[in-house]
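Structure first, commentary second.
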Amino acid sequence: MDRFELMRLLEAILFGTSEPLSERDLAARMPDDADIAGMLEELRGQYANRGVHLVQVGARWAFRTAPDLGPHLRLKKTVQRKMSRAALETLAIIAYHQPVTRAEIEEIRGVTTSRGTLDILLEAEWIRPRGRRRTPGRPVTWGVSDEFLDHFGLESVKALPGIEELKAAGLLDRRPGLGLITEEGQLTREETPDEPYEAVEPDAAIPLDE
Amino acid sequence: MDRFELMRLLEAILFGTSEPLSERDLAARMPDDADIAGMLEELRGQYANRGVHLVQVGARWAFRTAPDLGPHLRLKKTVQRKMSRAALETLAIIAYHQPVTRAEIEEIRGVTTSRGTLDILLEAEWIRPRGRRRTPGRPVTWGVSDEFLDHFGLESVKALPGIEELKAAGLLDRRPGLGLITEEGQLTREETPDEPYEAVEPDAAIPLDE
Amino acid sequence: MSDTPPDSPQRADQEPFEAAQPDYQAAMEDSLVLNLDGFEGPIDVLLTLARTHKVDITKISILGLAEQYLAFIQRAHALRLEIAADYLVMAAWLAYLKSRLLLPSTDDEDEPTGAELAARLAFQLQRLEAMRKAAGEVMERPQLGQDFYARGEPDPLIVDTTTEFSATLYDLLTMYAGIRERQGASTLQISPARLYSMDDALERLGKLLGHAPDWTTLSRFLPEGIGDDLMMRSAIASTFAASLELARQGKLQLNQSQTFAPIYLRARQEDTADG
C-alpha cells in the first residue's frame with residue numbers, strides 16, 4: 001500500500017467511527033509501517049476548509065462537523081441533561097485546576113460538595129480519576145476526560161477559554177483561601193497552612209490501584 | 001451564503017445525519033436557493049478518489065466507505081479462552097461415548113447440561129452432530145470432529161486410553177471395596193469394560209436432515 | 001456593628017466601599033436577605049453582594065464588603081430568618097477581620113496581619129468568581145450534538161474475533177477419569193453371597209428321606225461337591241434347620257446321643273415310639 005492508499009484507509013477508518021480514536025487504535029487497524037502521526041496532520045490539513053474537520057481531542061482523533069456551521073446545521077440535537085450550578089462550578093474547577101482533590105474543590109468553592117455533584121459529572125463521563133495525592137488519606141485527584149474535550153470541541157486542557165490569563169493572574173495557583181467553613185463553625189484547612197500545596201503531585205503520581 | 005459555504009454545509013449535513021437523505025430532505029435543511037442536485041454531483045466528484053465516497057442509495061445520498069477498502073477495515077483478533085469444567089467433561093463424554101445424545105451425556109455426568117456448554121464446544125469446532133437416535137424425539141447424537149483430533153494430537157478416538165490404561169496411568173484412582181466377607185461375598189463395583197463404550201447406534205444411524 | 005468609623009484609616013489596596021445606599025438598593029438587599037436559602041454558603045453571599053454593588057472583583061474592598069455582609073446578617077436577624085452556623089462563623093470572622101484592619105497592627109509575627117487575611121479572602125473570592133465565569137464560558141462553547149456533530153451513521157467496526165480454546169489432552173483425560181470415578185461410586189452394588197438356602201435343604205432332604213429308612217448321619221444328606229467352606233457351613237446349617245422343620249411336621253425322626261455327637265436321622269417309623 002502506498003501513502004495515498006494508506007491515507008485513504010486512515011480517512012475511511014476515522015470517517016466511519018463516531019468515537020474518537022487514539023493513534024494506538026489506528027495503528028491496530030493500519031499496516032505496521034504506516035506513519036500515522038504524519039498522515040493525521042496531512043489529513044487534518046486537507047479537511048481544514050471543509051464542512052467536516054479532523055479534530056484532535058486529547059490523545060484521540062475524530063471527524064466532526066465544522067463548528068462555524070453550527071447555527072445553520074439542522075440536525076437532530078441530542079437531549080442534554082441540565083447541570084446544576086454547583087456541578088458546572090465543580091466541573092470548571094476540575095478542568096482548570098486539575099489534578100485536584102475533592103478537598104481542594106471544596107476549599108475553592110468554600111462549601112462542602114454535596115453528594116451527587118461528582119457523581120453527575122462522572123455519569124456524564126466528563127471527569128475521570130487521575131491518581132492519588134501523596135498526602136494523608138491519599139485522596140483521589142480528578143481531571144477532565146477526553147469525552148469532556150470532545151464535547152466542548154477542545155483539543156486539550158490548554159485550549160480552555162481564558163486559562164492563560166487566569167494562570168497569569170495567579171488565580172490557578174494553589175494558594176490558600178480562607179479554608180472551608182463547616183457547619184460546625186470552623187474555618188478548617190485540609191493541609192498545613194505553612195506549605196499547603198507543596199505536596200502537589202504530577203498527574204497520576206501514585207497509581208489509583210496502589 | 002456563497003456556493004463554497006453551501007457546499008460545506010451540505011457536506012456537514014450528509015456527514016452528521018443518521019440515515020441517507022433525499023434531495024428533498026436536503027432542500028429542507030438548506031437555504032431556499034441552493035442548487036442541491038448540482039452540488040451533490042460536485043461533492044461526489046470531490047470524494048471520488050478518497051477513502052470515503054458520496055453514493056446514491058436509491059433516491060437518497062450518503063457517505064460510505066470506499067468499497068475497495070472494505071477488506072482492510074476488518075480487524076482480526078484472537079482471543080484465548082479457557083474451557084469450563086462442564087465443557088471439558090461434556091467433551092470427554094462425547095469423545096468416549098460417541099455417538100451420544102445430550103440426555104445420555106446428562107445421565108453420565110449426573111447433572112443437566114446447560115445450553116451454552118454444547119455451544120462452546122461447537123464454537124471451538126470440537127464436536128459435530130452425527131445423526132439421530134431412533135428413540136422417541138429422535139434426539140441428535142454428537143461426536144468429536146477432526147479439529148478435535150488435531151487439537152489433541154489424536155489419530156482417532158480409538159487412540160484415547162481406556163479405563164484400565166487410565167487406572168494404570170494413575171488418573172483413575174479406584175479405592176478398594178468395603179467390608180470383605182469372603183472373596184465371593186465382597187462388595188464390588190459395577191463391572192467397567194475396558195473398551196470405553198458400546199455405540200448404541202452405528203454412526204449416523206439416521207441422517208440429521210431427516 | 002455595621003457602622004464604620006468615619007475617620008478610619010484607609011489603605012491603598014482598599015478602595016472605599018459605597019457606604020450610603022440609594023433606596024432601590026436597600027430594597028434589593030432585602031430581597032437578597034429573604035433569598036438566604038438560595039445561597040450556596042457565605043462565600044456565595046459575599047460574591048453576590050460584591051456583584052450587587054457592581055464592585056470590580058479584582059479591586060475589591062474587603063473592608064467594605066465585610067460591612068455589607070455584616071449588615072446582611074443583621075437584616076436576616078431582624079427578619080427573624082433562620083441563619084445556618086457557617087454564615088454566623090463568617091460574620092464573626094469578618095468582624096474580627098474588620099477589627100484587625102482598623103486597629104494598628106500588632107508586632108506578633110505568628111499572626112497574619114489584617115491585610116494578609118483580607119488578601120486571602122480577596123483571593124478566594126476572585127478565584128471562585130473566575131471559576132464561575134470560566135464555567136459559563138465553557139458552557140457557551142459549541143457543544144457536540146448541539147452545535148457540531150459526530151458521524152451520524154457510523155460504519156460498524158468489524159472485528160473478526162477468533163477464539164482459541166486452550167485445553168490439553170491431560171485436562172480431557174483427567175475429566176473423564178473423574179466422571180468414571182463419580183459414576184463408580186454412585187453404582188456401588190453388593191453382589192449376592194452364594195449360600196445354601198433353607199428351601200434348597202428342605203427340598204433335598206424331603207427327596208432323600210425315602211431312600212434312608214435307617215439312621216443316617218446328617219452329613220450324608222448334604223449336597224455333593226461343595227468345596228467352599230462358607231457354602232458347606234451354610235449347607236450344614238440349613239439342612240439341620242430343614243430336619244427340625246420336617247421333624248415338626250412328623251415326617252422324620254432325629255437322634256443325637258450327646259452334645260456335639262453326630263446327628264442321626266431317618267424317615268418316621270409308624271410302629272416305633274422312641275425318637
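Naming scheme: A, B, ... for chains in displayed order of the C-alpha cells; residues 1 onward per chain; ligands 1 onward as shown.
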
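In this comparison, chain B was overlaid on chain A using all C-alpha atoms paired by position, and the resulting RMSD is 18.6 Å.
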
Near Val157 (chain B), within 10 Å and counting only C-alpha atoms, which residues show up once chain neighbours fewer than 3 positions away are dropped, as number ranges by chain? B: 95-98, 143-146, 148-149, 154, 160-161

Requested write-out: N, CA and C atoms of the selected residues, as a PDB file, in the first residue's frame:
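Full text of out_31.pdb as output:
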```
ATOM      1  N   ALA B  95     -16.319 -37.748  23.487  1.00  0.00           N
ATOM      2  CA  ALA B  95     -15.205 -38.456  22.875  1.00  0.00           C
ATOM      3  C   ALA B  95     -15.251 -39.957  23.181  1.00  0.00           C
ATOM      4  N   TYR B  96     -15.562 -40.295  24.428  1.00  0.00           N
ATOM      5  CA  TYR B  96     -15.529 -41.700  24.836  1.00  0.00           C
ATOM      6  C   TYR B  96     -16.800 -42.462  24.471  1.00  0.00           C
ATOM      7  N   HIS B  97     -17.911 -41.764  24.368  1.00  0.00           N
ATOM      8  CA  HIS B  97     -19.184 -42.460  24.192  1.00  0.00           C
ATOM      9  C   HIS B  97     -19.866 -42.204  22.858  1.00  0.00           C
ATOM     10  N   GLN B  98     -19.208 -41.520  21.961  1.00  0.00           N
ATOM     11  CA  GLN B  98     -19.895 -41.119  20.743  1.00  0.00           C
ATOM     12  C   GLN B  98     -20.346 -42.330  19.912  1.00  0.00           C
ATOM     13  N   GLY B 143     -20.668 -36.362  18.208  1.00  0.00           N
ATOM     14  CA  GLY B 143     -19.362 -36.997  18.167  1.00  0.00           C
ATOM     15  C   GLY B 143     -18.298 -35.919  18.068  1.00  0.00           C
ATOM     16  N   VAL B 144     -17.040 -36.312  18.156  1.00  0.00           N
ATOM     17  CA  VAL B 144     -15.984 -35.309  18.049  1.00  0.00           C
ATOM     18  C   VAL B 144     -15.603 -35.107  16.581  1.00  0.00           C
ATOM     19  N   SER B 145     -14.946 -33.992  16.334  1.00  0.00           N
ATOM     20  CA  SER B 145     -14.616 -33.606  14.968  1.00  0.00           C
ATOM     21  C   SER B 145     -13.143 -33.871  14.666  1.00  0.00           C
ATOM     22  N   ASP B 146     -12.789 -33.698  13.424  1.00  0.00           N
ATOM     23  CA  ASP B 146     -11.376 -33.810  13.046  1.00  0.00           C
ATOM     24  C   ASP B 146     -10.545 -32.724  13.728  1.00  0.00           C
ATOM     25  N   PHE B 148     -11.007 -31.664  16.656  1.00  0.00           N
ATOM     26  CA  PHE B 148     -10.747 -32.180  17.994  1.00  0.00           C
ATOM     27  C   PHE B 148      -9.515 -33.079  17.977  1.00  0.00           C
ATOM     28  N   LEU B 149      -9.502 -34.005  17.022  1.00  0.00           N
ATOM     29  CA  LEU B 149      -8.366 -34.929  16.923  1.00  0.00           C
ATOM     30  C   LEU B 149      -7.077 -34.152  16.682  1.00  0.00           C
ATOM     31  N   LEU B 154      -4.572 -36.595  18.330  1.00  0.00           N
ATOM     32  CA  LEU B 154      -5.008 -37.993  18.322  1.00  0.00           C
ATOM     33  C   LEU B 154      -5.234 -38.441  16.879  1.00  0.00           C
ATOM     34  N   LEU B 160      -7.760 -42.952  22.292  1.00  0.00           N
ATOM     35  CA  LEU B 160      -7.966 -42.483  23.666  1.00  0.00           C
ATOM     36  C   LEU B 160      -7.721 -43.643  24.622  1.00  0.00           C
ATOM     37  N   PRO B 161      -6.991 -43.415  25.675  1.00  0.00           N
ATOM     38  CA  PRO B 161      -6.717 -44.514  26.605  1.00  0.00           C
ATOM     39  C   PRO B 161      -8.005 -45.033  27.241  1.00  0.00           C
TER      40      PRO B 161
END
```

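Checking C:Leu70, C:Leu63, C:Leu121, C:Thr52 one by one against chain A, counting only C-alpha atoms, you find the shortest gap at C:Leu121.
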
Pull out every residue of chain A that has at least one atom within 12 Å of chain B, counting only C-alpha atoms, and report them as a VMD selection string. chain A and resid 1 4 to 18 25 to 31 43 46 to 53 63 to 77

Backbone DSSP call of alpha helix (DSSP H) for chain B, listed as a ChimeraX atom specification: /B:3-16,23-29,36-47,85-97,102-109,115-123,146-152,163-168

Give the residues of chain C that lie within 7 Å of chain A; count only C-alpha atoms, and format the answer as an MDAnalysis selection string. chainID C and resid 41 43 85:86 89 120:121 123:124 127:128 131:132 134:135 137:138 141:151 154:155

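Using only C-alpha atoms, the protein and nucleic acid residues lying no more than 9 Å from Ile73 (chain C), apart from those fewer than 6 places from it along its own chain, are Val33, Ile83, Tyr87, Leu88 and Ala91 of chain C.
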
All strand (DSSP E or B) residues (DSSP, backbone) inside region 36-100 of chain A, as a PyMOL selection string: chain A and resi 52-57+60-65+100
